[in-house]
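> Compact mmCIF, N, CA, C and O atoms, file work_31.txt:
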# COMPACT_ATOMS: atom_id res chain seq x y z
N MET V 1 69.97 87.60 -120.88
CA MET V 1 70.03 86.16 -120.87
C MET V 1 71.25 85.72 -120.06
O MET V 1 72.34 86.24 -120.25
N ILE V 2 71.04 84.79 -119.18
CA ILE V 2 72.13 84.28 -118.36
C ILE V 2 72.86 83.21 -119.15
O ILE V 2 72.25 82.29 -119.70
N THR V 3 74.18 83.34 -119.21
CA THR V 3 74.97 82.37 -119.95
C THR V 3 75.86 81.59 -118.99
O THR V 3 76.35 82.13 -118.00
N VAL V 4 76.01 80.31 -119.30
CA VAL V 4 76.88 79.44 -118.50
C VAL V 4 77.76 78.64 -119.43
O VAL V 4 77.37 78.29 -120.54
N SER V 5 78.95 78.36 -118.97
CA SER V 5 79.87 77.53 -119.75
C SER V 5 79.54 76.05 -119.51
O SER V 5 78.76 75.72 -118.61
N LYS V 6 80.14 75.20 -120.29
CA LYS V 6 79.93 73.76 -120.10
C LYS V 6 80.39 73.33 -118.71
O LYS V 6 79.77 72.48 -118.08
N GLU V 7 81.47 73.94 -118.23
CA GLU V 7 81.99 73.60 -116.90
C GLU V 7 81.00 74.03 -115.80
O GLU V 7 80.88 73.37 -114.78
N GLN V 8 80.31 75.12 -116.02
CA GLN V 8 79.37 75.64 -115.02
C GLN V 8 78.01 74.93 -115.09
O GLN V 8 77.23 75.01 -114.14
N LEU V 9 77.77 74.21 -116.16
CA LEU V 9 76.48 73.55 -116.35
C LEU V 9 76.19 72.56 -115.23
O LEU V 9 75.05 72.48 -114.76
N GLU V 10 77.18 71.84 -114.77
CA GLU V 10 76.98 70.89 -113.67
C GLU V 10 76.51 71.61 -112.41
O GLU V 10 75.63 71.12 -111.70
N THR V 11 77.10 72.76 -112.13
CA THR V 11 76.69 73.55 -110.96
C THR V 11 75.24 73.97 -111.09
O THR V 11 74.45 73.84 -110.16
N VAL V 12 74.86 74.47 -112.25
CA VAL V 12 73.50 74.92 -112.50
C VAL V 12 72.53 73.75 -112.36
O VAL V 12 71.49 73.86 -111.69
N GLU V 13 72.86 72.63 -112.96
CA GLU V 13 71.98 71.47 -112.89
C GLU V 13 71.82 71.00 -111.45
O GLU V 13 70.72 70.63 -111.03
N TYR V 14 72.90 71.02 -110.68
CA TYR V 14 72.83 70.62 -109.27
C TYR V 14 71.91 71.56 -108.49
O TYR V 14 71.04 71.10 -107.74
N LEU V 15 72.09 72.85 -108.67
CA LEU V 15 71.26 73.82 -107.95
C LEU V 15 69.79 73.67 -108.32
O LEU V 15 68.91 73.70 -107.45
N LEU V 16 69.51 73.51 -109.61
CA LEU V 16 68.13 73.35 -110.06
C LEU V 16 67.51 72.06 -109.54
O LEU V 16 66.34 72.03 -109.13
N LYS V 17 68.30 70.99 -109.53
CA LYS V 17 67.80 69.71 -109.03
C LYS V 17 67.48 69.82 -107.54
O LYS V 17 66.44 69.35 -107.09
N GLN V 18 68.36 70.44 -106.78
CA GLN V 18 68.11 70.63 -105.35
C GLN V 18 66.86 71.47 -105.12
O GLN V 18 66.02 71.14 -104.29
N SER V 19 66.73 72.54 -105.87
CA SER V 19 65.57 73.43 -105.71
C SER V 19 64.28 72.73 -106.11
O SER V 19 63.25 72.95 -105.48
N ALA V 20 64.33 71.89 -107.13
CA ALA V 20 63.14 71.15 -107.55
C ALA V 20 62.66 70.22 -106.45
O ALA V 20 61.48 69.90 -106.35
N GLN V 21 63.60 69.81 -105.59
CA GLN V 21 63.25 68.94 -104.46
C GLN V 21 62.92 69.74 -103.21
O GLN V 21 62.69 69.19 -102.14
N GLY V 22 62.93 71.06 -103.33
CA GLY V 22 62.59 71.92 -102.19
C GLY V 22 63.77 72.32 -101.34
O GLY V 22 63.60 72.93 -100.29
N ASN V 23 64.98 71.99 -101.77
CA ASN V 23 66.20 72.35 -101.04
C ASN V 23 66.83 73.58 -101.69
O ASN V 23 67.64 73.46 -102.59
N HIS V 24 66.45 74.72 -101.21
CA HIS V 24 66.96 75.97 -101.80
C HIS V 24 68.24 76.35 -101.05
O HIS V 24 68.25 77.23 -100.19
N ILE V 25 69.30 75.66 -101.39
CA ILE V 25 70.54 75.70 -100.62
C ILE V 25 71.31 77.02 -100.71
O ILE V 25 72.15 77.28 -99.87
N LEU V 26 71.00 77.83 -101.67
CA LEU V 26 71.71 79.11 -101.80
C LEU V 26 71.18 80.18 -100.86
O LEU V 26 71.90 81.10 -100.50
N PHE V 27 69.92 80.08 -100.49
CA PHE V 27 69.26 81.17 -99.79
C PHE V 27 68.75 80.77 -98.42
O PHE V 27 68.31 79.64 -98.22
N ASP V 28 68.76 81.71 -97.52
CA ASP V 28 68.19 81.53 -96.19
C ASP V 28 66.66 81.44 -96.33
O ASP V 28 66.04 82.29 -96.97
N ALA V 29 66.07 80.44 -95.71
CA ALA V 29 64.63 80.21 -95.83
C ALA V 29 63.81 81.41 -95.33
O ALA V 29 62.77 81.74 -95.92
N LYS V 30 64.26 82.05 -94.28
CA LYS V 30 63.53 83.21 -93.75
C LYS V 30 63.51 84.35 -94.76
O LYS V 30 62.50 85.03 -94.92
N VAL V 31 64.62 84.55 -95.44
CA VAL V 31 64.70 85.62 -96.44
C VAL V 31 63.78 85.29 -97.62
O VAL V 31 63.07 86.16 -98.12
N VAL V 32 63.78 84.03 -98.04
CA VAL V 32 62.92 83.62 -99.15
C VAL V 32 61.46 83.86 -98.78
O VAL V 32 60.69 84.41 -99.58
N ARG V 33 61.05 83.45 -97.59
CA ARG V 33 59.67 83.68 -97.16
C ARG V 33 59.32 85.17 -97.18
O ARG V 33 58.27 85.57 -97.64
N LYS V 34 60.26 85.98 -96.69
CA LYS V 34 60.04 87.43 -96.65
C LYS V 34 59.85 87.98 -98.07
O LYS V 34 58.95 88.78 -98.32
N VAL V 35 60.71 87.56 -98.98
CA VAL V 35 60.67 88.06 -100.36
C VAL V 35 59.31 87.80 -100.99
O VAL V 35 58.75 88.66 -101.67
N PHE V 36 58.76 86.61 -100.74
CA PHE V 36 57.50 86.26 -101.39
C PHE V 36 56.26 86.76 -100.65
O PHE V 36 55.15 86.56 -101.11
N THR V 37 56.46 87.45 -99.53
CA THR V 37 55.33 88.09 -98.87
C THR V 37 55.24 89.57 -99.23
O THR V 37 54.23 90.21 -98.97
N LEU V 38 56.29 90.10 -99.83
CA LEU V 38 56.32 91.50 -100.21
C LEU V 38 55.64 91.72 -101.55
O LEU V 38 55.66 90.83 -102.40
N PRO V 39 55.04 92.89 -101.75
CA PRO V 39 54.44 93.18 -103.07
C PRO V 39 55.51 93.16 -104.17
O PRO V 39 56.66 93.53 -103.93
N THR V 40 55.11 92.72 -105.32
CA THR V 40 56.04 92.61 -106.45
C THR V 40 55.81 93.76 -107.42
O THR V 40 54.69 94.07 -107.77
N LYS V 41 56.93 94.36 -107.85
CA LYS V 41 56.84 95.34 -108.92
C LYS V 41 57.75 94.86 -110.04
O LYS V 41 58.78 94.23 -109.80
N PRO V 42 57.37 95.12 -111.28
CA PRO V 42 58.19 94.67 -112.41
C PRO V 42 59.59 95.28 -112.35
O PRO V 42 59.76 96.43 -111.94
N MET V 43 60.56 94.50 -112.78
CA MET V 43 61.94 95.00 -112.83
C MET V 43 62.13 95.86 -114.06
O MET V 43 61.57 95.57 -115.12
N THR V 44 62.94 96.87 -113.90
CA THR V 44 63.33 97.66 -115.06
C THR V 44 64.35 96.85 -115.85
O THR V 44 64.89 95.86 -115.37
N GLU V 45 64.65 97.31 -117.04
CA GLU V 45 65.65 96.64 -117.86
C GLU V 45 67.02 96.66 -117.16
O GLU V 45 67.75 95.68 -117.19
N GLU V 46 67.35 97.77 -116.53
CA GLU V 46 68.62 97.89 -115.80
C GLU V 46 68.68 96.91 -114.63
O GLU V 46 69.70 96.29 -114.39
N GLU V 47 67.59 96.80 -113.90
CA GLU V 47 67.55 95.88 -112.76
C GLU V 47 67.69 94.43 -113.23
O GLU V 47 68.40 93.64 -112.61
N ALA V 48 67.02 94.09 -114.32
CA ALA V 48 67.10 92.73 -114.87
C ALA V 48 68.53 92.42 -115.29
O ALA V 48 69.04 91.32 -115.03
N TYR V 49 69.19 93.37 -115.93
CA TYR V 49 70.58 93.17 -116.34
C TYR V 49 71.48 92.97 -115.12
O TYR V 49 72.36 92.11 -115.11
N GLU V 50 71.25 93.76 -114.09
CA GLU V 50 72.03 93.65 -112.86
C GLU V 50 71.85 92.28 -112.22
O GLU V 50 72.81 91.66 -111.77
N VAL V 51 70.62 91.78 -112.19
CA VAL V 51 70.34 90.47 -111.62
C VAL V 51 71.07 89.38 -112.41
O VAL V 51 71.65 88.47 -111.84
N GLU V 52 71.03 89.48 -113.73
CA GLU V 52 71.75 88.51 -114.57
C GLU V 52 73.21 88.45 -114.17
O GLU V 52 73.78 87.36 -114.04
N HIS V 53 73.81 89.61 -114.00
CA HIS V 53 75.22 89.68 -113.62
C HIS V 53 75.46 88.95 -112.30
O HIS V 53 76.41 88.17 -112.18
N HIS V 54 74.61 89.18 -111.33
CA HIS V 54 74.80 88.54 -110.02
C HIS V 54 74.60 87.03 -110.09
O HIS V 54 75.36 86.28 -109.47
N ILE V 55 73.61 86.58 -110.84
CA ILE V 55 73.39 85.14 -110.96
C ILE V 55 74.55 84.48 -111.69
O ILE V 55 75.03 83.41 -111.29
N GLU V 56 75.05 85.11 -112.74
CA GLU V 56 76.21 84.57 -113.45
C GLU V 56 77.43 84.51 -112.53
O GLU V 56 78.19 83.55 -112.56
N LYS V 57 77.60 85.52 -111.69
CA LYS V 57 78.72 85.55 -110.74
C LYS V 57 78.60 84.41 -109.74
O LYS V 57 79.59 83.73 -109.45
N VAL V 58 77.40 84.18 -109.21
CA VAL V 58 77.18 83.09 -108.26
C VAL V 58 77.55 81.76 -108.91
O VAL V 58 78.26 80.94 -108.31
N ILE V 59 77.10 81.54 -110.12
CA ILE V 59 77.39 80.29 -110.83
C ILE V 59 78.89 80.15 -111.07
O ILE V 59 79.46 79.07 -110.92
N ALA V 60 79.55 81.23 -111.41
CA ALA V 60 80.98 81.19 -111.71
C ALA V 60 81.82 80.87 -110.49
O ALA V 60 82.93 80.34 -110.62
N LEU V 61 81.33 81.17 -109.30
CA LEU V 61 82.11 80.92 -108.10
C LEU V 61 82.36 79.43 -107.88
O LEU V 61 83.37 79.06 -107.29
N GLY V 62 81.44 78.60 -108.30
CA GLY V 62 81.72 77.17 -108.36
C GLY V 62 81.47 76.36 -107.11
O GLY V 62 81.08 75.22 -107.22
N ASN V 63 81.69 76.88 -105.91
CA ASN V 63 81.40 76.05 -104.75
C ASN V 63 80.42 76.76 -103.83
O ASN V 63 80.36 77.99 -103.77
N LEU V 64 79.66 75.96 -103.11
CA LEU V 64 78.55 76.46 -102.32
C LEU V 64 78.95 77.49 -101.26
O LEU V 64 78.29 78.53 -101.14
N PRO V 65 80.02 77.26 -100.48
CA PRO V 65 80.37 78.29 -99.49
C PRO V 65 80.68 79.66 -100.11
O PRO V 65 80.27 80.69 -99.57
N GLN V 66 81.38 79.67 -101.23
CA GLN V 66 81.68 80.94 -101.90
C GLN V 66 80.41 81.57 -102.45
O GLN V 66 80.22 82.78 -102.38
N GLN V 67 79.54 80.75 -103.01
CA GLN V 67 78.29 81.26 -103.56
C GLN V 67 77.43 81.89 -102.47
O GLN V 67 76.90 82.99 -102.63
N LYS V 68 77.31 81.20 -101.34
CA LYS V 68 76.50 81.72 -100.24
C LYS V 68 77.11 83.00 -99.66
O LYS V 68 76.40 83.94 -99.31
N ALA V 69 78.44 83.04 -99.58
CA ALA V 69 79.11 84.23 -99.06
C ALA V 69 78.85 85.43 -99.97
O ALA V 69 78.60 86.54 -99.49
N TYR V 70 78.89 85.21 -101.27
CA TYR V 70 78.61 86.28 -102.23
C TYR V 70 77.17 86.77 -102.07
O TYR V 70 76.91 87.97 -102.00
N ILE V 71 76.25 85.84 -101.99
CA ILE V 71 74.84 86.19 -101.84
C ILE V 71 74.60 86.97 -100.55
O ILE V 71 73.84 87.93 -100.52
N ASP V 72 75.27 86.57 -99.48
CA ASP V 72 75.11 87.25 -98.19
C ASP V 72 75.57 88.70 -98.23
O ASP V 72 75.15 89.50 -97.40
N LEU V 73 76.44 89.04 -99.17
CA LEU V 73 76.96 90.40 -99.28
C LEU V 73 76.09 91.32 -100.15
O LEU V 73 76.32 92.52 -100.19
N LEU V 74 75.11 90.74 -100.83
CA LEU V 74 74.27 91.55 -101.70
C LEU V 74 73.37 92.48 -100.88
O LEU V 74 72.83 92.06 -99.84
N PRO V 75 73.18 93.70 -101.35
CA PRO V 75 72.21 94.58 -100.68
C PRO V 75 70.81 93.93 -100.74
O PRO V 75 70.48 93.21 -101.70
N GLU V 76 70.00 94.20 -99.73
CA GLU V 76 68.70 93.53 -99.59
C GLU V 76 67.83 93.64 -100.84
O GLU V 76 67.26 92.65 -101.30
N GLU V 77 67.72 94.82 -101.41
CA GLU V 77 66.87 95.01 -102.58
C GLU V 77 67.34 94.16 -103.77
O GLU V 77 66.53 93.55 -104.46
N ILE V 78 68.63 94.11 -103.97
CA ILE V 78 69.18 93.30 -105.07
C ILE V 78 69.00 91.82 -104.76
O ILE V 78 68.62 91.04 -105.63
N LEU V 79 69.24 91.43 -103.51
CA LEU V 79 69.05 90.04 -103.10
C LEU V 79 67.62 89.59 -103.38
O LEU V 79 67.39 88.50 -103.90
N HIS V 80 66.66 90.43 -103.07
CA HIS V 80 65.26 90.09 -103.32
C HIS V 80 64.99 89.85 -104.80
O HIS V 80 64.31 88.88 -105.17
N ARG V 81 65.56 90.68 -105.65
CA ARG V 81 65.39 90.49 -107.10
C ARG V 81 66.09 89.21 -107.57
O ARG V 81 65.57 88.49 -108.44
N VAL V 82 67.26 88.94 -107.02
CA VAL V 82 67.99 87.72 -107.37
C VAL V 82 67.17 86.49 -106.98
O VAL V 82 67.03 85.54 -107.75
N ILE V 83 66.60 86.51 -105.78
CA ILE V 83 65.79 85.37 -105.32
C ILE V 83 64.58 85.18 -106.22
O ILE V 83 64.29 84.05 -106.65
N LYS V 84 63.88 86.24 -106.53
CA LYS V 84 62.69 86.11 -107.39
C LYS V 84 63.07 85.59 -108.78
O LYS V 84 62.38 84.74 -109.34
N THR V 85 64.17 86.07 -109.31
CA THR V 85 64.62 85.60 -110.62
C THR V 85 65.03 84.14 -110.56
O THR V 85 64.69 83.35 -111.44
N TYR V 86 65.76 83.77 -109.51
CA TYR V 86 66.19 82.39 -109.34
C TYR V 86 64.98 81.45 -109.29
O TYR V 86 64.95 80.42 -109.97
N PHE V 87 63.98 81.81 -108.50
CA PHE V 87 62.80 80.96 -108.40
C PHE V 87 62.02 80.94 -109.71
O PHE V 87 61.40 79.91 -110.04
N ASN V 88 62.05 82.00 -110.46
CA ASN V 88 61.43 82.00 -111.78
C ASN V 88 62.15 81.01 -112.70
O ASN V 88 61.52 80.27 -113.46
N ILE V 89 63.47 80.97 -112.62
CA ILE V 89 64.26 80.03 -113.42
C ILE V 89 63.92 78.60 -113.01
O ILE V 89 63.73 77.72 -113.86
N VAL V 90 63.84 78.36 -111.70
CA VAL V 90 63.49 77.02 -111.21
C VAL V 90 62.11 76.61 -111.72
O VAL V 90 61.92 75.49 -112.21
N GLU V 91 61.15 77.51 -111.59
CA GLU V 91 59.79 77.22 -112.04
C GLU V 91 59.76 76.92 -113.53
O GLU V 91 59.12 75.95 -113.97
N ASN V 92 60.45 77.71 -114.34
CA ASN V 92 60.49 77.47 -115.78
C ASN V 92 61.16 76.14 -116.10
O ASN V 92 60.72 75.42 -117.00
N ASN V 93 62.20 75.81 -115.35
CA ASN V 93 62.90 74.54 -115.56
C ASN V 93 61.97 73.36 -115.25
O ASN V 93 61.93 72.37 -115.99
N LEU V 94 61.22 73.46 -114.17
CA LEU V 94 60.27 72.40 -113.82
C LEU V 94 59.18 72.27 -114.88
O LEU V 94 58.79 71.16 -115.25
N PHE V 95 58.70 73.39 -115.36
CA PHE V 95 57.67 73.38 -116.39
C PHE V 95 58.18 72.72 -117.66
O PHE V 95 57.50 71.88 -118.26
N GLU V 96 59.38 73.08 -118.07
CA GLU V 96 59.96 72.51 -119.29
C GLU V 96 60.25 71.03 -119.14
O GLU V 96 60.18 70.28 -120.11
N ALA V 97 60.55 70.58 -117.93
CA ALA V 97 60.88 69.18 -117.70
C ALA V 97 59.64 68.29 -117.61
O ALA V 97 59.73 67.09 -117.82
N SER V 98 58.49 68.87 -117.31
CA SER V 98 57.28 68.06 -117.18
C SER V 98 56.67 67.85 -118.55
O SER V 98 56.68 68.70 -119.41
N GLU V 99 56.12 66.64 -118.71
CA GLU V 99 55.50 66.30 -119.98
C GLU V 99 54.01 66.57 -119.97
O GLU V 99 53.40 66.72 -121.02
N THR V 100 53.43 66.61 -118.79
CA THR V 100 51.98 66.81 -118.66
C THR V 100 51.67 68.29 -118.70
O THR V 100 52.23 69.07 -117.94
N ARG V 101 50.76 68.66 -119.55
CA ARG V 101 50.30 70.04 -119.65
C ARG V 101 48.79 70.06 -119.47
O ARG V 101 48.09 69.23 -120.06
N HIS V 102 48.30 70.98 -118.70
CA HIS V 102 46.84 71.08 -118.49
C HIS V 102 46.28 72.12 -119.41
O HIS V 102 46.82 73.07 -119.75
Take the structure I supplied and represent it as structure tokens, if you would.


Amino acid sequence: MITVSKEQLETVEYLLKQSAQGNHILFDAKVVRKVFTLPTKPMTEEEAYEVEHHIEKVIALGNLPQQKAYIDLLPEEILHRVIKTYFNIVENNLFEASETRH
């Protein structure tokens, strides 16, 4: 489970709001497109824990240039898992925020 402090909550809300509008400001659009064209395999428990750590680190950095610099240094395989997890969080957030259910 990813944990955020009250101070970090504003950062998380900003990122989620931007992503809900289609502005995925943390990630390069070409990389995101690539990630979602590749076959998906389930993450192991270790991989999921590692992704949590990276997402918490990004949030803790606090400003966008530092966050993007950190993301740019991630190995490709880890970056792909971080992106998929991030978009899963965005999707869940949008689902929870909508009142209409089909």

> At what distance in Å, to one decimal, does atom CA of V:Val90 lie from atom CA of V:Gln67?

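Taking atom CA of V:Gln67 as the start and atom CA of V:Val90 as the end point, the length is 17.2 Å.
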
> Which residues come within 12 Å of V:Leu16, counting only C-alpha atoms, excluding same-chain residues fewer than 4 positions away, as a ChimeraX atom specification?

/V:9-12,20-26,59,86-94,97

> What separation in Å, quoted to one decimal, exists between atom N of V:Asp72 and atom CA of V:Phe27?

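For atom N of V:Asp72 relative to atom CA of V:Phe27, the distance reads 8.1 Å.
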
> Using only C-alpha atoms, determine which residues lie at most 12 Å from V:Lys57, disregarding the query and same-chain residues fewer than 2 positions distant; provide the list as a short mmCIF file (atom, residue, chain, number, x, y, z; two decimals) with N, CA, C and O atoms, in the frame of the given file.


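New file out29.cif:
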data_model
loop_
_atom_site.label_atom_id
_atom_site.label_comp_id
_atom_site.auth_asym_id
_atom_site.auth_seq_id
_atom_site.Cartn_x
_atom_site.Cartn_y
_atom_site.Cartn_z
N ILE V 2 71.04 84.79 -119.18
CA ILE V 2 72.13 84.28 -118.36
C ILE V 2 72.86 83.21 -119.15
O ILE V 2 72.25 82.29 -119.70
N THR V 3 74.18 83.34 -119.21
CA THR V 3 74.97 82.37 -119.95
C THR V 3 75.86 81.59 -118.99
O THR V 3 76.35 82.13 -118.00
N VAL V 4 76.01 80.31 -119.30
CA VAL V 4 76.88 79.44 -118.50
C VAL V 4 77.76 78.64 -119.43
O VAL V 4 77.37 78.29 -120.54
N GLN V 8 80.31 75.12 -116.02
CA GLN V 8 79.37 75.64 -115.02
C GLN V 8 78.01 74.93 -115.09
O GLN V 8 77.23 75.01 -114.14
N VAL V 12 74.86 74.47 -112.25
CA VAL V 12 73.50 74.92 -112.50
C VAL V 12 72.53 73.75 -112.36
O VAL V 12 71.49 73.86 -111.69
N GLU V 50 71.25 93.76 -114.09
CA GLU V 50 72.03 93.65 -112.86
C GLU V 50 71.85 92.28 -112.22
O GLU V 50 72.81 91.66 -111.77
N VAL V 51 70.62 91.78 -112.19
CA VAL V 51 70.34 90.47 -111.62
C VAL V 51 71.07 89.38 -112.41
O VAL V 51 71.65 88.47 -111.84
N GLU V 52 71.03 89.48 -113.73
CA GLU V 52 71.75 88.51 -114.57
C GLU V 52 73.21 88.45 -114.17
O GLU V 52 73.78 87.36 -114.04
N HIS V 53 73.81 89.61 -114.00
CA HIS V 53 75.22 89.68 -113.62
C HIS V 53 75.46 88.95 -112.30
O HIS V 53 76.41 88.17 -112.18
N HIS V 54 74.61 89.18 -111.33
CA HIS V 54 74.80 88.54 -110.02
C HIS V 54 74.60 87.03 -110.09
O HIS V 54 75.36 86.28 -109.47
N ILE V 55 73.61 86.58 -110.84
CA ILE V 55 73.39 85.14 -110.96
C ILE V 55 74.55 84.48 -111.69
O ILE V 55 75.03 83.41 -111.29
N ILE V 59 77.10 81.54 -110.12
CA ILE V 59 77.39 80.29 -110.83
C ILE V 59 78.89 80.15 -111.07
O ILE V 59 79.46 79.07 -110.92
N ALA V 60 79.55 81.23 -111.41
CA ALA V 60 80.98 81.19 -111.71
C ALA V 60 81.82 80.87 -110.49
O ALA V 60 82.93 80.34 -110.62
N LEU V 61 81.33 81.17 -109.30
CA LEU V 61 82.11 80.92 -108.10
C LEU V 61 82.36 79.43 -107.88
O LEU V 61 83.37 79.06 -107.29
N GLY V 62 81.44 78.60 -108.30
CA GLY V 62 81.72 77.17 -108.36
C GLY V 62 81.47 76.36 -107.11
O GLY V 62 81.08 75.22 -107.22
N ASN V 63 81.69 76.88 -105.91
CA ASN V 63 81.40 76.05 -104.75
C ASN V 63 80.42 76.76 -103.83
O ASN V 63 80.36 77.99 -103.77
N GLN V 66 81.38 79.67 -101.23
CA GLN V 66 81.68 80.94 -101.90
C GLN V 66 80.41 81.57 -102.45
O GLN V 66 80.22 82.78 -102.38
N GLN V 67 79.54 80.75 -103.01
CA GLN V 67 78.29 81.26 -103.56
C GLN V 67 77.43 81.89 -102.47
O GLN V 67 76.90 82.99 -102.63
N LYS V 68 77.31 81.20 -101.34
CA LYS V 68 76.50 81.72 -100.24
C LYS V 68 77.11 83.00 -99.66
O LYS V 68 76.40 83.94 -99.31
N ALA V 69 78.44 83.04 -99.58
CA ALA V 69 79.11 84.23 -99.06
C ALA V 69 78.85 85.43 -99.97
O ALA V 69 78.60 86.54 -99.49
N TYR V 70 78.89 85.21 -101.27
CA TYR V 70 78.61 86.28 -102.23
C TYR V 70 77.17 86.77 -102.07
O TYR V 70 76.91 87.97 -102.00
N ILE V 71 76.25 85.84 -101.99
CA ILE V 71 74.84 86.19 -101.84
C ILE V 71 74.60 86.97 -100.55
O ILE V 71 73.84 87.93 -100.52
N LEU V 74 75.11 90.74 -100.83
CA LEU V 74 74.27 91.55 -101.70
C LEU V 74 73.37 92.48 -100.88
O LEU V 74 72.83 92.06 -99.84
N VAL V 82 67.26 88.94 -107.02
CA VAL V 82 67.99 87.72 -107.37
C VAL V 82 67.17 86.49 -106.98
O VAL V 82 67.03 85.54 -107.75
#

> Report, in Å with one decimal, the straight-line distance from atom O of V:Thr44 to atom N of V:Glu76.

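Straight-line distance from atom O of V:Thr44 to atom N of V:Glu76 works out to 16.5 Å.
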
> Output as a PDB file, in the coordinates of the input: stretch 81-87 of chain V, completed with all heavy atoms.


ATOM      1  N   ARG V  81      65.560  90.680-105.650  1.00  0.00           N
ATOM      2  CA  ARG V  81      65.390  90.490-107.100  1.00  0.00           C
ATOM      3  C   ARG V  81      66.090  89.210-107.570  1.00  0.00           C
ATOM      4  O   ARG V  81      65.570  88.490-108.440  1.00  0.00           O
ATOM      5  CB  ARG V  81      65.893  91.707-107.868  1.00  0.00           C
ATOM      6  CG  ARG V  81      64.975  92.918-107.715  1.00  0.00           C
ATOM      7  CD  ARG V  81      65.285  94.003-108.729  1.00  0.00           C
ATOM      8  NE  ARG V  81      66.591  94.611-108.553  1.00  0.00           N
ATOM      9  CZ  ARG V  81      66.822  95.727-107.875  1.00  0.00           C
ATOM     10  NH1 ARG V  81      65.831  96.376-107.296  1.00  0.00           N
ATOM     11  NH2 ARG V  81      68.038  96.222-107.781  1.00  0.00           N
ATOM     12  N   VAL V  82      67.260  88.940-107.020  1.00  0.00           N
ATOM     13  CA  VAL V  82      67.990  87.720-107.370  1.00  0.00           C
ATOM     14  C   VAL V  82      67.170  86.490-106.980  1.00  0.00           C
ATOM     15  O   VAL V  82      67.030  85.540-107.750  1.00  0.00           O
ATOM     16  CB  VAL V  82      69.395  87.691-106.722  1.00  0.00           C
ATOM     17  CG1 VAL V  82      70.028  86.313-106.817  1.00  0.00           C
ATOM     18  CG2 VAL V  82      70.298  88.731-107.374  1.00  0.00           C
ATOM     19  N   ILE V  83      66.600  86.510-105.780  1.00  0.00           N
ATOM     20  CA  ILE V  83      65.790  85.370-105.320  1.00  0.00           C
ATOM     21  C   ILE V  83      64.580  85.180-106.220  1.00  0.00           C
ATOM     22  O   ILE V  83      64.290  84.050-106.650  1.00  0.00           O
ATOM     23  CB  ILE V  83      65.370  85.564-103.848  1.00  0.00           C
ATOM     24  CG1 ILE V  83      66.591  85.404-102.934  1.00  0.00           C
ATOM     25  CG2 ILE V  83      64.261  84.589-103.463  1.00  0.00           C
ATOM     26  CD1 ILE V  83      66.346  85.762-101.483  1.00  0.00           C
ATOM     27  N   LYS V  84      63.880  86.240-106.530  1.00  0.00           N
ATOM     28  CA  LYS V  84      62.690  86.110-107.390  1.00  0.00           C
ATOM     29  C   LYS V  84      63.070  85.590-108.780  1.00  0.00           C
ATOM     30  O   LYS V  84      62.380  84.740-109.340  1.00  0.00           O
ATOM     31  CB  LYS V  84      61.952  87.427-107.485  1.00  0.00           C
ATOM     32  CG  LYS V  84      61.195  87.739-106.210  1.00  0.00           C
ATOM     33  CD  LYS V  84      60.306  88.935-106.360  1.00  0.00           C
ATOM     34  CE  LYS V  84      59.542  89.136-105.057  1.00  0.00           C
ATOM     35  NZ  LYS V  84      58.513  90.121-105.166  1.00  0.00           N
ATOM     36  N   THR V  85      64.170  86.070-109.310  1.00  0.00           N
ATOM     37  CA  THR V  85      64.620  85.600-110.620  1.00  0.00           C
ATOM     38  C   THR V  85      65.030  84.140-110.560  1.00  0.00           C
ATOM     39  O   THR V  85      64.690  83.350-111.440  1.00  0.00           O
ATOM     40  CB  THR V  85      65.781  86.475-111.132  1.00  0.00           C
ATOM     41  OG1 THR V  85      65.333  87.831-111.209  1.00  0.00           O
ATOM     42  CG2 THR V  85      66.263  86.012-112.499  1.00  0.00           C
ATOM     43  N   TYR V  86      65.760  83.770-109.510  1.00  0.00           N
ATOM     44  CA  TYR V  86      66.190  82.390-109.340  1.00  0.00           C
ATOM     45  C   TYR V  86      64.980  81.450-109.290  1.00  0.00           C
ATOM     46  O   TYR V  86      64.950  80.420-109.970  1.00  0.00           O
ATOM     47  CB  TYR V  86      67.032  82.253-108.067  1.00  0.00           C
ATOM     48  CG  TYR V  86      67.417  80.832-107.765  1.00  0.00           C
ATOM     49  CD1 TYR V  86      68.493  80.234-108.407  1.00  0.00           C
ATOM     50  CD2 TYR V  86      66.708  80.076-106.844  1.00  0.00           C
ATOM     51  CE1 TYR V  86      68.847  78.931-108.139  1.00  0.00           C
ATOM     52  CE2 TYR V  86      67.048  78.771-106.564  1.00  0.00           C
ATOM     53  CZ  TYR V  86      68.122  78.199-107.212  1.00  0.00           C
ATOM     54  OH  TYR V  86      68.462  76.901-106.940  1.00  0.00           O
ATOM     55  N   PHE V  87      63.980  81.810-108.500  1.00  0.00           N
ATOM     56  CA  PHE V  87      62.800  80.960-108.400  1.00  0.00           C
ATOM     57  C   PHE V  87      62.020  80.940-109.710  1.00  0.00           C
ATOM     58  O   PHE V  87      61.400  79.910-110.040  1.00  0.00           O
ATOM     59  CB  PHE V  87      61.917  81.399-107.228  1.00  0.00           C
ATOM     60  CG  PHE V  87      62.372  80.793-105.928  1.00  0.00           C
ATOM     61  CD1 PHE V  87      63.365  81.397-105.188  1.00  0.00           C
ATOM     62  CD2 PHE V  87      61.834  79.606-105.466  1.00  0.00           C
ATOM     63  CE1 PHE V  87      63.808  80.840-103.997  1.00  0.00           C
ATOM     64  CE2 PHE V  87      62.263  79.039-104.275  1.00  0.00           C
ATOM     65  CZ  PHE V  87      63.254  79.658-103.535  1.00  0.00           C
TER      66      PHE V  87
END
